[in-house]
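Visitor: Take this structure, written in structure tokens, and hold onto it; I'll ask about it next.
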Amino acid sequence: MRMTTATSLAALLIAAPLAANAQMTPAEPPPAPPVTGSQTPFIAATPHTAQGYSLPVLKGLASVSVLLNSYDGKAALGANYIVTGGIQTGTVRQATLLPFAEQQGQALRDAFITDGNLAQLADGLGTTLGSAYVARAHYRDRSSFTNLSPAVADLIAYANAVTGTDSNAGKYFFANGTTDGKKAVTDEALQILKDNTGTTDVFGKAYNKIAGTPGADAFGDSRPFQTEPSVASIVSRDYFGVPADNTVYNKGPISDLQNSPSYPSGHTTYGYMGSLVLAMLVPERYAAMIARGAEYGNDRILMGAHYAMDVLGGRTLATYDLAHLLANDPAYLGRSYKNAPAVADFQAAVRAARADVTKALEAACGKTMADCAREDTGRFSDPAATEAFYAATQTYGLPVVYPKAAATRPDVAKLAPEAGYLLTTAFPNLTPDQADAILTDTLGPGGGFLDDGSAFGLYSRLNLYAAGAKAAATVTAAGK
């Protein structure tokens with residue numbers, strides 16, 4: 001459902017309940033350890049606030065705050081509303097990995113977050129490796145779980161803490177300019193909205209659910225189940241096999257999101273963070289793991305919990321943060337987070353975790369990782385169907401907001417030099433130039449609401465599914 005013509009855009013503006021009165025105006029980190037491998041160490045540090053979140057991430061996500069300031073931005077908001085509702089109710093048919101009713105059931109299972117060990121994402125590893133992973137890393141109940149090894153546990157905990165902190169900060173910052181709904185953000189963070197003439201509670205203002213009004217999120221950016229005219233019910237069994245529906249995960253008692261701002265999606269942030277981590281640990285399943293991250297984010301739309309824009313924001317945030325972690329960006333290393341040991345060298349942490357994963361899963365399978373990775377009879381076993389599904393989630397058909405960016409194909413090496421680590425960490429035989437060229441060649445459509453020409457915006461265009469497949473083919477062709 002791609003909206004491209006002026007007529008389509010105008011129709012969306014009329015159909016979606018957009019507010020008519022919108023303004024129309026255009027701590028010192030430790031030194032970075034050396035990164036071993038083919039790429040040089042990443043040098044330029046990105047600033048974090050005392051609360052632990054990244055200012056560049058907030059600035060990158062802040063393009064949502066100006067959407068009410070222009071016709072193109074309002075058209076994108078209109079499309080966001082209609083596409084989200086259409087996907088959730090099934091009136092917009094996607095190339096999902098499962099039949100629609102079954103995909104709804106998967107969405108309900110994905111409502112619980114296994115961020116302690118990434119167990120629910122392991123089906124992206126394939127039938128054999130996924131089962132072997134979950135046998136060693138699983139949840140006993142909602143609060144207790146096992147892990148494959150201490151090295152894997154520490155890697156997951158730190159990556160989750162970094163990305164989760166940024167995601168949570170973004171939710172309240174874009175809802176009402178706070179860190180948690182009440183506590184003020186730093187002056188530097190507030191300056192982001194002043195500089196771009198942005199506003200808070202964009203979804204509330206666009207969809208007639210202003211923060212604090214009846215039925216709206218108390219802080220702002222109400223979710224689809226609060227703004228859409230109807231939400232399809234999903235009745236199935238959740239991750240623990242308990243009969244449930246999407247209401248108990250949206251409005252309680254299991255999970256109450258009624259006063260949890262929508263943008264960006266925290267579940268999607270986790271889903272892509274976890275999928276990327278597993279892709280680094282089992283590069284033989286790289287593309288399938290990226291597809292699992294896309295499915296996890298898309299399932300949040302099916303639940304009625306998030307808009308397409310939330311999912312795109314969560315994906316971009318997670319990918320950006322993981323690239324900086326893999327590049328050993330000094331600002332991302334050695335930070336103190338609750339329930340996560342500080343990591344001083346993320347590349348070394350990945351290598352240690354990968355060694356543990358390889359040893360455990362090869363022992364369980366009785367073959368090499370490459371042989372075991374090919375054993376898959378699940379929903380990721382059809383490359384054509386998986387590619388079609390991922391493609392549907394790249395932009396969700398949302399219209400262009402930045403025409404200049406849409407007309408260009410930036411050089412990834414120049415705009416985001418750290419991005420190459422997303423490939424070279426998994427495929428160390430790739431040269432940095434090869435990785436950058438692959439990322440550039442496989443970029444998705446540009447000019448979306450996040451793609452304002454910035455380095456952060458570039459991450460919204462990365463198509464890691466296509467890039468991962470091309471990287472694997474390149475290494476195989478070279479006989480490495």
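Going through the structure tokens in order, the chains are called A, B, and so on, while each chain numbers its residues from 1 and the ligands are numbered from 1 in the order shown.
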Hey, which bits of stretch 45-162 of chain A sit within 8 Å of stretch 273-291 of chain A, and for each residue what's the closest pair of atoms and how far apart in Å (one decimal), counting only C-alpha atoms, rows by chain and increasing number, as CSV?
Guide:
residue,atom,partner,partner_atom,distance
A:Asp115,CA,A:Gly274,CA,7.7
A:Leu118,CA,A:Gly274,CA,6.0
A:Leu121,CA,A:Ser275,CA,6.6
A:Ala122,CA,A:Leu278,CA,7.8
A:Gly124,CA,A:Met289,CA,4.9
A:Leu125,CA,A:Arg285,CA,5.7
A:Gly126,CA,A:Arg285,CA,7.6
A:Ile156,CA,A:Val277,CA,7.4
A:Ala159,CA,A:Met273,CA,7.1
A:Asn160,CA,A:Met273,CA,6.9
Visitor: Which polymer residues have any atom within 6 Å of an atom of stretch 215-231 of chain A, counting only C-alpha atoms, with same-chain residues fewer than 5 positions away left out, as a list in words?
Guide: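 My list of contacting residues is Ala175, Asn176, Gly181, Asp201, Phe203, Gly204, Lys209, Gln258, Asn259, Pro261, Ser262, Gly304, Ala305 and His306 of chain A.
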Visitor: Could you give me, as a count of residues only, each residue of stretch 236-473 of chain A that DSSP assigns to strand (DSSP E or B) when run on this structure's backbone?
Guide: 9
Visitor: Rank nothing, just name the residue among A:Gly198, A:Pro432, A:Pro330, A:Pro445 nearest to A:His48, using only C-alpha atoms.
Guide: A:Pro330
Visitor: Taking the chain letters and numbering used in this document, name the residues of stretch 289-431 of chain A that DSSP puts in helix (DSSP H, G or I), as a count of residues only.
Guide: 89
Visitor: Distance atom CA of A:Arg237-atom CA of A:Asn250, one decimal place?
Guide: 15.0 Å
Visitor: Using only C-alpha atoms, which of A:Asn298, A:Thr424, A:Thr476, A:Ser65 sits nearest A:Thr96?
Guide: A:Asn298
Visitor: Smallest atom-to-atom distance to A:Leu317: which of A:His267, A:Arg354, A:Arg300, A:Arg292, using only C-alpha atoms?
Guide: A:His267
Visitor: Tell me, as a list in words, which residues lie within 9 Å of A:Asp166, counting only C-alpha atoms; anything in the same chain fewer than 6 positions away does not count.
Guide: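 In the requested format, the answer is Gly52, Tyr53, Ser54, Leu55, Val57, Leu58, Leu317, Ala318 and Asp321 of chain A.
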Visitor: Stretch 386-399 of chain A: which residues within 7 Å, counting only C-alpha atoms, same-chain residues fewer than 2 positions away excluded, as JSON, numbers by chain?
Guide: {"A": [1, 2, 3, 4, 76, 79, 80, 94, 95, 96, 97, 291, 294, 308, 380, 382, 383, 384, 401, 444, 448]}
Visitor: Please produce a file of the residues just selected, as a PDB file, in the first residue's frame, where the atoms kept are C-alpha atoms.
Guide:
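Contents of result-v8.pdb, freshly written:
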ATOM      1  CA  MET A   1       0.000   0.000   0.000  1.00  0.00           C
ATOM      2  CA  ARG A   2       2.388   2.674  -1.227  1.00  0.00           C
ATOM      3  CA  MET A   3       1.032   6.244  -1.163  1.00  0.00           C
ATOM      4  CA  THR A   4       2.787   8.269  -3.857  1.00  0.00           C
ATOM      5  CA  ALA A  76       2.947  10.812   6.403  1.00  0.00           C
ATOM      6  CA  ALA A  79      -0.638   7.254   6.078  1.00  0.00           C
ATOM      7  CA  ASN A  80       0.796   6.041   9.379  1.00  0.00           C
ATOM      8  CA  GLN A  94       0.837  -8.196   4.020  1.00  0.00           C
ATOM      9  CA  ALA A  95       3.136 -10.950   2.816  1.00  0.00           C
ATOM     10  CA  THR A  96       3.361 -12.291   6.370  1.00  0.00           C
ATOM     11  CA  LEU A  97       5.421 -15.355   7.212  1.00  0.00           C
ATOM     12  CA  ALA A 291      13.736 -11.154   9.230  1.00  0.00           C
ATOM     13  CA  ALA A 294      11.239  -7.432  11.336  1.00  0.00           C
ATOM     14  CA  ALA A 308       4.295   1.708  11.669  1.00  0.00           C
ATOM     15  CA  PHE A 380      12.019 -18.712   7.744  1.00  0.00           C
ATOM     16  CA  ASP A 382      11.502 -20.104   2.286  1.00  0.00           C
ATOM     17  CA  PRO A 383      13.942 -17.347   1.176  1.00  0.00           C
ATOM     18  CA  ALA A 384      11.538 -15.843  -1.377  1.00  0.00           C
ATOM     19  CA  VAL A 401       8.705  13.541   3.653  1.00  0.00           C
ATOM     20  CA  GLY A 444      16.068   0.946   0.756  1.00  0.00           C
ATOM     21  CA  GLY A 448      10.978   8.776   4.776  1.00  0.00           C
TER      22      GLY A 448
END
Visitor: Residues within 8 Å of A:Asn196, please, as a list of chain:residue names. Count only C-alpha atoms; anything in the same chain fewer than 3 positions from it doesn't count.
Guide: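 Surrounding residues, per the criterion: A:Val66, A:Ile192, A:Leu193.
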Visitor: Which residues come within 12 Å of stretch 356-359 of chain A, counting only C-alpha atoms, excluding same-chain residues fewer than 2 positions away, as a PyMOL selection string?
Guide: chain A and resi 125+129-130+132-134+136-137+147-153+155+277-284+349-354+361-370+372-373
Visitor: Between atom CA of A:Asp245 and atom CA of A:Leu77, what is the distance in Å, rounded to a tenth?
Guide: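 Answer for the atom CA of A:Asp245 to atom CA of A:Leu77 separation: 27.9 Å.
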